[in-house]
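my_file-v3.pdb follows; it contains PDB, C-alpha atoms.
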ATOM      1  CA  MET A   1     -17.967  18.689 -14.435  1.00  0.00           C
ATOM      2  CA  LYS A   2     -16.308  21.967 -13.515  1.00  0.00           C
ATOM      3  CA  ASN A   3     -15.081  22.715 -10.028  1.00  0.00           C
ATOM      4  CA  THR A   4     -13.622  25.606  -8.058  1.00  0.00           C
ATOM      5  CA  ILE A   5     -11.295  23.614  -5.827  1.00  0.00           C
ATOM      6  CA  ARG A   6      -8.263  25.597  -6.977  1.00  0.00           C
ATOM      7  CA  ILE A   7      -9.917  28.899  -5.998  1.00  0.00           C
ATOM      8  CA  GLU A   8     -11.065  27.509  -2.678  1.00  0.00           C
ATOM      9  CA  ARG A   9      -7.556  26.266  -2.030  1.00  0.00           C
ATOM     10  CA  ALA A  10      -6.159  29.703  -2.786  1.00  0.00           C
ATOM     11  CA  ILE A  11      -8.680  31.311  -0.394  1.00  0.00           C
ATOM     12  CA  LYS A  12      -7.757  28.878   2.365  1.00  0.00           C
ATOM     13  CA  ASN A  13      -4.079  29.067   1.354  1.00  0.00           C
ATOM     14  CA  ILE A  14      -3.524  25.313   1.306  1.00  0.00           C
ATOM     15  CA  THR A  15      -1.577  23.149  -1.136  1.00  0.00           C
ATOM     16  CA  GLN A  16      -2.859  20.131  -3.056  1.00  0.00           C
ATOM     17  CA  ALA A  17      -0.937  17.862  -0.692  1.00  0.00           C
ATOM     18  CA  GLU A  18      -2.481  19.479   2.392  1.00  0.00           C
ATOM     19  CA  LEU A  19      -5.990  19.233   0.958  1.00  0.00           C
ATOM     20  CA  ALA A  20      -5.344  15.608   0.012  1.00  0.00           C
ATOM     21  CA  GLU A  21      -4.221  14.819   3.535  1.00  0.00           C
ATOM     22  CA  LYS A  22      -7.286  16.502   5.049  1.00  0.00           C
ATOM     23  CA  VAL A  23      -9.773  14.539   2.931  1.00  0.00           C
ATOM     24  CA  ASP A  24      -7.702  11.324   3.161  1.00  0.00           C
ATOM     25  CA  VAL A  25      -6.852  10.823  -0.518  1.00  0.00           C
ATOM     26  CA  SER A  26      -3.641  10.966  -2.558  1.00  0.00           C
ATOM     27  CA  ARG A  27      -2.264  14.207  -4.018  1.00  0.00           C
ATOM     28  CA  GLN A  28      -2.715  12.718  -7.482  1.00  0.00           C
ATOM     29  CA  THR A  29      -6.469  12.501  -6.859  1.00  0.00           C
ATOM     30  CA  ILE A  30      -6.746  16.230  -6.090  1.00  0.00           C
ATOM     31  CA  ASN A  31      -4.568  16.993  -9.123  1.00  0.00           C
ATOM     32  CA  ALA A  32      -6.813  14.877 -11.377  1.00  0.00           C
ATOM     33  CA  ILE A  33      -9.992  16.484  -9.991  1.00  0.00           C
ATOM     34  CA  GLU A  34      -8.594  19.995 -10.529  1.00  0.00           C
ATOM     35  CA  ALA A  35      -7.582  19.070 -14.071  1.00  0.00           C
ATOM     36  CA  THR A  36     -11.184  17.793 -14.569  1.00  0.00           C
ATOM     37  CA  LYS A  37      -9.751  14.426 -15.571  1.00  0.00           C
ATOM     38  CA  TYR A  38     -11.556  12.658 -12.779  1.00  0.00           C
ATOM     39  CA  VAL A  39     -15.035  13.093 -11.294  1.00  0.00           C
ATOM     40  CA  PRO A  40     -14.924  12.356  -7.552  1.00  0.00           C
ATOM     41  CA  SER A  41     -17.373  10.078  -5.796  1.00  0.00           C
ATOM     42  CA  THR A  42     -20.233  11.604  -3.805  1.00  0.00           C
ATOM     43  CA  VAL A  43     -18.451  10.839  -0.535  1.00  0.00           C
ATOM     44  CA  LEU A  44     -15.258  12.600  -1.610  1.00  0.00           C
ATOM     45  CA  ALA A  45     -17.167  15.562  -3.079  1.00  0.00           C
ATOM     46  CA  LEU A  46     -19.072  15.959   0.219  1.00  0.00           C
ATOM     47  CA  LYS A  47     -15.834  15.746   2.191  1.00  0.00           C
ATOM     48  CA  ILE A  48     -14.289  18.498   0.052  1.00  0.00           C
ATOM     49  CA  SER A  49     -17.351  20.762   0.334  1.00  0.00           C
ATOM     50  CA  ARG A  50     -17.485  20.249   4.110  1.00  0.00           C
ATOM     51  CA  LEU A  51     -13.797  21.134   4.402  1.00  0.00           C
ATOM     52  CA  PHE A  52     -14.307  24.389   2.501  1.00  0.00           C
ATOM     53  CA  GLY A  53     -17.529  25.077   4.405  1.00  0.00           C
ATOM     54  CA  LYS A  54     -19.578  25.624   1.260  1.00  0.00           C
ATOM     55  CA  PRO A  55     -22.514  23.805  -0.374  1.00  0.00           C
ATOM     56  CA  LEU A  56     -21.658  21.132  -2.940  1.00  0.00           C
ATOM     57  CA  ASN A  57     -23.187  23.140  -5.803  1.00  0.00           C
ATOM     58  CA  ASP A  58     -20.850  26.048  -5.110  1.00  0.00           C
ATOM     59  CA  ILE A  59     -17.775  23.899  -5.638  1.00  0.00           C
ATOM     60  CA  PHE A  60     -18.928  21.449  -8.302  1.00  0.00           C
ATOM     61  CA  GLU A  61     -20.917  22.582 -11.325  1.00  0.00           C
ATOM     62  CA  LEU A  62     -22.412  20.546 -14.133  1.00  0.00           C
ATOM     63  CA  GLU A  63     -21.379  21.368 -17.697  1.00  0.00           C
ATOM     64  CA  ASP A  64     -23.584  21.200 -20.802  1.00  0.00           C
ATOM     65  CA  THR A  65     -21.763  18.076 -21.935  1.00  0.00           C
ATOM     66  CA  ASP A  66     -22.540  16.211 -18.668  1.00  0.00           C
TER      67      ASP A  66
ATOM     68  CA  MET B   1     -10.728   2.706   0.846  1.00  0.00           C
ATOM     69  CA  LYS B   2     -10.321  -0.920   1.819  1.00  0.00           C
ATOM     70  CA  ASN B   3      -8.910  -3.359  -0.673  1.00  0.00           C
ATOM     71  CA  THR B   4      -7.932  -6.755   0.599  1.00  0.00           C
ATOM     72  CA  LEU B   5      -7.169  -8.174  -2.857  1.00  0.00           C
ATOM     73  CA  LEU B   6      -3.901  -6.273  -3.219  1.00  0.00           C
ATOM     74  CA  LEU B   7      -0.526  -7.338  -1.828  1.00  0.00           C
ATOM     75  CA  PRO B   8       0.865  -5.566   1.264  1.00  0.00           C
ATOM     76  CA  ARG B   9       2.747  -2.304   0.744  1.00  0.00           C
ATOM     77  CA  ILE B  10       6.134  -3.829   1.586  1.00  0.00           C
ATOM     78  CA  CYS B  11       5.946  -5.978  -1.581  1.00  0.00           C
ATOM     79  CA  ARG B  12       6.406  -2.956  -3.874  1.00  0.00           C
ATOM     80  CA  PRO B  13       9.967  -2.000  -2.783  1.00  0.00           C
ATOM     81  CA  ILE B  14      10.921  -5.701  -2.693  1.00  0.00           C
ATOM     82  CA  GLY B  15       9.631  -6.088  -6.270  1.00  0.00           C
ATOM     83  CA  ILE B  16      11.457  -2.933  -7.420  1.00  0.00           C
ATOM     84  CA  ILE B  17      14.743  -4.257  -5.984  1.00  0.00           C
ATOM     85  CA  LEU B  18      14.200  -7.754  -7.438  1.00  0.00           C
ATOM     86  CA  LEU B  19      13.197  -6.558 -10.929  1.00  0.00           C
ATOM     87  CA  PRO B  20      16.621  -5.425 -12.297  1.00  0.00           C
ATOM     88  CA  PHE B  21      18.339  -8.451 -10.751  1.00  0.00           C
ATOM     89  CA  SER B  22      15.817 -10.791 -12.355  1.00  0.00           C
ATOM     90  CA  TRP B  23      16.494  -9.322 -15.824  1.00  0.00           C
ATOM     91  CA  ILE B  24      20.271  -9.401 -15.306  1.00  0.00           C
ATOM     92  CA  ASN B  25      19.829 -13.049 -14.302  1.00  0.00           C
ATOM     93  CA  LEU B  26      17.865 -13.772 -17.516  1.00  0.00           C
ATOM     94  CA  ILE B  27      20.467 -12.036 -19.716  1.00  0.00           C
ATOM     95  CA  ALA B  28      23.253 -13.968 -17.987  1.00  0.00           C
ATOM     96  CA  ILE B  29      21.428 -17.266 -18.618  1.00  0.00           C
ATOM     97  CA  TYR B  30      20.628 -16.692 -22.299  1.00  0.00           C
ATOM     98  CA  ARG B  31      23.785 -14.824 -23.373  1.00  0.00           C
ATOM     99  CA  TYR B  32      26.506 -16.361 -21.225  1.00  0.00           C
ATOM    100  CA  ASP B  33      25.033 -19.834 -20.442  1.00  0.00           C
ATOM    101  CA  TYR B  34      25.085 -19.058 -16.763  1.00  0.00           C
ATOM    102  CA  THR B  35      23.542 -21.657 -14.450  1.00  0.00           C
ATOM    103  CA  LEU B  36      22.584 -21.485 -10.805  1.00  0.00           C
ATOM    104  CA  PRO B  37      24.243 -24.331  -8.871  1.00  0.00           C
ATOM    105  CA  PHE B  38      21.274 -25.068  -6.588  1.00  0.00           C
ATOM    106  CA  THR B  39      18.789 -25.583  -9.425  1.00  0.00           C
ATOM    107  CA  TYR B  40      20.053 -29.006 -10.526  1.00  0.00           C
ATOM    108  CA  LYS B  41      17.553 -31.738  -9.826  1.00  0.00           C
ATOM    109  CA  ARG B  42      17.356 -35.408 -10.775  1.00  0.00           C
ATOM    110  CA  ILE B  43      14.176 -36.277 -12.670  1.00  0.00           C
ATOM    111  CA  TYR B  44      12.864 -39.848 -12.533  1.00  0.00           C
ATOM    112  CA  TRP B  45      10.739 -41.502 -15.207  1.00  0.00           C
ATOM    113  CA  LYS B  46       8.678 -44.482 -14.231  1.00  0.00           C
ATOM    114  CA  THR B  47       7.026 -47.159 -16.349  1.00  0.00           C
ATOM    115  CA  ALA B  48       3.303 -47.907 -16.172  1.00  0.00           C
ATOM    116  CA  GLU B  49       4.063 -50.667 -13.622  1.00  0.00           C
ATOM    117  CA  GLY B  50       5.904 -48.215 -11.382  1.00  0.00           C
ATOM    118  CA  ALA B  51       9.420 -49.462 -12.050  1.00  0.00           C
ATOM    119  CA  LEU B  52      12.217 -46.972 -12.613  1.00  0.00           C
ATOM    120  CA  ALA B  53      12.641 -46.461 -16.364  1.00  0.00           C
ATOM    121  CA  ASN B  54      15.134 -43.679 -16.606  1.00  0.00           C
ATOM    122  CA  SER B  55      16.583 -40.741 -14.717  1.00  0.00           C
ATOM    123  CA  PHE B  56      18.497 -37.640 -15.695  1.00  0.00           C
ATOM    124  CA  VAL B  57      19.723 -34.433 -14.114  1.00  0.00           C
ATOM    125  CA  TYR B  58      17.789 -31.363 -15.199  1.00  0.00           C
ATOM    126  CA  ASN B  59      18.773 -27.755 -14.630  1.00  0.00           C
ATOM    127  CA  PHE B  60      15.923 -25.533 -13.450  1.00  0.00           C
ATOM    128  CA  THR B  61      17.832 -22.250 -13.841  1.00  0.00           C
ATOM    129  CA  GLU B  62      15.569 -20.981 -16.646  1.00  0.00           C
ATOM    130  CA  GLN B  63      12.372 -21.784 -14.761  1.00  0.00           C
ATOM    131  CA  PHE B  64      13.766 -20.219 -11.615  1.00  0.00           C
ATOM    132  CA  ALA B  65      14.758 -17.051 -13.501  1.00  0.00           C
ATOM    133  CA  TRP B  66      11.329 -16.662 -15.134  1.00  0.00           C
ATOM    134  CA  ILE B  67       9.587 -17.229 -11.795  1.00  0.00           C
ATOM    135  CA  ILE B  68      11.647 -14.406 -10.262  1.00  0.00           C
ATOM    136  CA  VAL B  69      10.813 -12.119 -13.229  1.00  0.00           C
ATOM    137  CA  ILE B  70       7.067 -12.785 -13.012  1.00  0.00           C
ATOM    138  CA  MET B  71       7.052 -12.634  -9.215  1.00  0.00           C
ATOM    139  CA  SER B  72       8.884  -9.288  -9.076  1.00  0.00           C
ATOM    140  CA  LEU B  73       6.656  -7.809 -11.791  1.00  0.00           C
ATOM    141  CA  PHE B  74       3.576  -9.045  -9.938  1.00  0.00           C
ATOM    142  CA  MET B  75       4.825  -7.518  -6.681  1.00  0.00           C
ATOM    143  CA  VAL B  76       5.412  -4.141  -8.329  1.00  0.00           C
ATOM    144  CA  ALA B  77       2.093  -4.247 -10.179  1.00  0.00           C
ATOM    145  CA  PHE B  78      -0.306  -5.432  -7.498  1.00  0.00           C
ATOM    146  CA  SER B  79       0.886  -4.111  -4.176  1.00  0.00           C
ATOM    147  CA  LYS B  80      -0.868  -1.339  -2.281  1.00  0.00           C
ATOM    148  CA  LEU B  81       0.258   2.247  -2.636  1.00  0.00           C
ATOM    149  CA  LYS B  82       0.651   4.676   0.268  1.00  0.00           C
ATOM    150  CA  LYS B  83      -2.867   6.009  -0.328  1.00  0.00           C
ATOM    151  CA  GLU B  84      -5.051   3.508  -2.109  1.00  0.00           C
ATOM    152  CA  ASP B  85      -8.013   5.755  -2.895  1.00  0.00           C
ATOM    153  CA  GLU B  86     -10.795   5.809  -5.499  1.00  0.00           C
ATOM    154  CA  TYR B  87      -8.728   7.583  -8.184  1.00  0.00           C
ATOM    155  CA  VAL B  88      -5.869   5.080  -7.841  1.00  0.00           C
ATOM    156  CA  GLN B  89      -8.424   2.278  -8.164  1.00  0.00           C
ATOM    157  CA  SER B  90      -9.852   3.823 -11.319  1.00  0.00           C
ATOM    158  CA  VAL B  91      -6.371   4.310 -12.851  1.00  0.00           C
ATOM    159  CA  ARG B  92      -5.509   0.719 -11.938  1.00  0.00           C
ATOM    160  CA  LEU B  93      -8.623  -0.575 -13.678  1.00  0.00           C
ATOM    161  CA  ASP B  94      -8.022   1.528 -16.808  1.00  0.00           C
ATOM    162  CA  SER B  95      -4.390   0.403 -16.954  1.00  0.00           C
ATOM    163  CA  ILE B  96      -5.378  -3.258 -16.746  1.00  0.00           C
ATOM    164  CA  LEU B  97      -7.823  -2.747 -19.616  1.00  0.00           C
ATOM    165  CA  LEU B  98      -5.197  -0.967 -21.743  1.00  0.00           C
ATOM    166  CA  SER B  99      -2.554  -3.602 -21.068  1.00  0.00           C
ATOM    167  CA  ILE B 100      -4.962  -6.364 -22.068  1.00  0.00           C
ATOM    168  CA  TYR B 101      -4.893  -4.822 -25.552  1.00  0.00           C
ATOM    169  CA  ILE B 102      -1.513  -6.532 -25.993  1.00  0.00           C
ATOM    170  CA  TYR B 103      -3.669  -9.556 -26.805  1.00  0.00           C
ATOM    171  CA  ILE B 104      -4.033  -8.013 -30.274  1.00  0.00           C
ATOM    172  CA  LEU B 105      -0.404  -9.117 -30.789  1.00  0.00           C
ATOM    173  CA  LEU B 106      -1.390 -12.538 -29.505  1.00  0.00           C
ATOM    174  CA  PHE B 107      -4.222 -12.788 -32.046  1.00  0.00           C
ATOM    175  CA  ILE B 108      -1.860 -11.837 -34.867  1.00  0.00           C
ATOM    176  CA  SER B 109       0.782 -14.311 -33.717  1.00  0.00           C
ATOM    177  CA  LEU B 110      -1.824 -17.089 -33.496  1.00  0.00           C
ATOM    178  CA  ILE B 111      -2.719 -16.462 -37.141  1.00  0.00           C
ATOM    179  CA  VAL B 112       0.839 -16.320 -38.494  1.00  0.00           C
ATOM    180  CA  MET B 113       2.534 -18.933 -36.280  1.00  0.00           C
ATOM    181  CA  TYR B 114       2.177 -22.698 -35.997  1.00  0.00           C
ATOM    182  CA  TRP B 115       3.033 -25.628 -33.729  1.00  0.00           C
ATOM    183  CA  ASN B 116       5.528 -24.970 -30.941  1.00  0.00           C
ATOM    184  CA  SER B 117       5.785 -21.281 -31.710  1.00  0.00           C
ATOM    185  CA  ILE B 118       2.192 -20.812 -30.541  1.00  0.00           C
ATOM    186  CA  LEU B 119       3.016 -22.260 -27.113  1.00  0.00           C
ATOM    187  CA  PHE B 120       6.085 -20.038 -26.924  1.00  0.00           C
ATOM    188  CA  ILE B 121       4.033 -16.929 -27.741  1.00  0.00           C
ATOM    189  CA  LEU B 122       1.324 -17.913 -25.243  1.00  0.00           C
ATOM    190  CA  ALA B 123       3.931 -18.345 -22.497  1.00  0.00           C
ATOM    191  CA  LEU B 124       5.681 -15.123 -23.403  1.00  0.00           C
ATOM    192  CA  ASN B 125       2.454 -13.132 -23.161  1.00  0.00           C
ATOM    193  CA  ILE B 126       2.476 -13.337 -19.369  1.00  0.00           C
ATOM    194  CA  VAL B 127       5.464 -11.008 -19.023  1.00  0.00           C
ATOM    195  CA  PRO B 128       4.565  -8.219 -21.526  1.00  0.00           C
ATOM    196  CA  LEU B 129       1.059  -7.999 -20.014  1.00  0.00           C
ATOM    197  CA  LEU B 130       2.453  -7.323 -16.542  1.00  0.00           C
ATOM    198  CA  MET B 131       5.196  -5.042 -17.878  1.00  0.00           C
ATOM    199  CA  LEU B 132       2.738  -2.976 -19.861  1.00  0.00           C
ATOM    200  CA  PHE B 133       0.444  -2.689 -16.851  1.00  0.00           C
ATOM    201  CA  VAL B 134       3.307  -1.501 -14.599  1.00  0.00           C
ATOM    202  CA  LEU B 135       4.404   1.051 -17.209  1.00  0.00           C
ATOM    203  CA  ILE B 136       0.914   2.448 -17.932  1.00  0.00           C
ATOM    204  CA  PHE B 137      -0.149   2.543 -14.273  1.00  0.00           C
ATOM    205  CA  ASN B 138       2.996   4.302 -13.030  1.00  0.00           C
ATOM    206  CA  PHE B 139       3.089   6.672 -16.000  1.00  0.00           C
ATOM    207  CA  ARG B 140      -0.529   7.759 -15.509  1.00  0.00           C
ATOM    208  CA  LEU B 141      -0.275   8.062 -11.749  1.00  0.00           C
ATOM    209  CA  PHE B 142       3.170   9.589 -11.199  1.00  0.00           C
ATOM    210  CA  ILE B 143       4.508  11.078 -14.453  1.00  0.00           C
ATOM    211  CA  LEU B 144       1.443  12.386 -16.319  1.00  0.00           C
ATOM    212  CA  PRO B 145       0.214  14.686 -13.461  1.00  0.00           C
ATOM    213  CA  ARG B 146       3.476  16.670 -13.763  1.00  0.00           C
ATOM    214  CA  PHE B 147       2.477  17.748 -17.262  1.00  0.00           C
ATOM    215  CA  THR B 148      -1.224  18.413 -16.672  1.00  0.00           C
ATOM    216  CA  LYS B 149      -2.371  21.903 -15.859  1.00  0.00           C
ATOM    217  CA  SER B 150      -5.421  22.728 -13.794  1.00  0.00           C
ATOM    218  CA  LYS B 151      -8.438  23.477 -15.981  1.00  0.00           C
ATOM    219  CA  THR B 152     -10.379  25.036 -13.154  1.00  0.00           C
ATOM    220  CA  PRO B 153     -10.443  28.868 -13.118  1.00  0.00           C
TER     221      PRO B 153
END

If you convert what's in this file into structure tokens, what do you get?
Amino acid sequence: MKNTIRIERAIKNITQAELAEKVDVSRQTINAIEATKYVPSTVLALKISRLFGKPLNDIFELEDTD
Amino acid sequence: MKNTLLLPRICRPIGIILLPFSWINLIAIYRYDYTLPFTYKRIYWKTAEGALANSFVYNFTEQFAWIIVIMSLFMVAFSKLKKEDEYVQSVRLDSILLSIYIYILLFISLIVMYWNSILFILALNIVPLLMLFVLIFNFRLFILPRFTKSKTP
């Protein structure tokens, strides 16, 4: 599953650590999600999309292999 | 994320401090015949009727040392992190699964070894399992992210 968290972070000008603190997870979790090594739970995905003020589908996108 | 099955956070630094001391203690015992003075205990053997048959003084230094090793490893392995979230939980689970693969060595040793050696190998498997888990878990959570680049555009 692809995601645009890195772009959204750049738009909002926040670091991984700051984003992690805002959605109450560890920095490693954000790093793993950005590296597409980990697919977040629905709750975490919704938290991230709410923080960026965008619909879930704009941030997370299914790939052909999913 | 709530997880009541893990040890409190304070156990991790305690375990990290205890770990090198526990190994130094083991090396001192096996290489230099070092014994702890407070681990001597008199063991009593009784007959079937309950009368005293024999008694001797036994030194529990080895047992004490191994308990400290296992305890410190357990504290490092299974104490809460600062943020115990879903990713940490998933890494923890994967690391446990990977470390269980050390049982392949156990299977091999059970085939090639006999009698007392089997018991020795079975006892020894407690420590490598925990050690492997600590190594894999910490490597995947703290070291590996430094070398991974973001795949997102």

Residues matched by the ChimeraX specification (/B :<6) & /A, written as a VMD selection string: chain A and resid 25 to 26 29 34 to 35

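Taking CA of Ile108 in chain B and CA of Phe74 in chain B as the two end points, the separation is 25.7 Å.
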
If you apply the PyMOL selection byres ((chain A and resi 36-53) around 7) to this file, what residues do you get, as a list in words?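 Applying the PyMOL selection byres ((chain A and resi 36-53) around 7) to the structure shown produces Met1, Lys2, Glu8, Val23, Ala32, Ile33, Glu34, Ala35, Lys54, Pro55, Leu56 and Ile59 of chain A; Lys151 of chain B.
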
Two-atom distance - CA of Gln89 in chain B, CA of Ile30 in chain A (Å):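 Spanning CA of Gln89 in chain B to CA of Ile30 in chain A is a straight-line distance of 14.2 Å.
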
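Restricting the calculation to only C-alpha atoms, the smallest distance between Trp66 in chain B and any of B:Ala123, B:Met113, B:Met131, B:Leu26 is found for B:Leu26.
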
Quick one: apply the PyMOL selection byres ((chain B and resi 67) around 12) to the file and drop the selected residues here as an MDAnalysis selection string. chainID B and resid 18:19 22:23 25:26 60:66 68:75 126:127

Quick check, in Å to one decimal: how far apart do CA of Pro20 in chain B and CA of Ser109 in chain B lie?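 Atom-to-atom, CA of Pro20 in chain B and CA of Ser109 in chain B are spaced 28.1 Å apart.
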
Edge lengths and centre in Å to one decimal, as AutoDock Vina command-line options, is what I'm after for the box along x, y and z that holds all listed atoms of range 33-48 of chain A once 8 Å is added on each side.
--center_x -13.9 --center_y 15.0 --center_z -6.7 --size_x 28.7 --size_y 25.9 --size_z 33.8
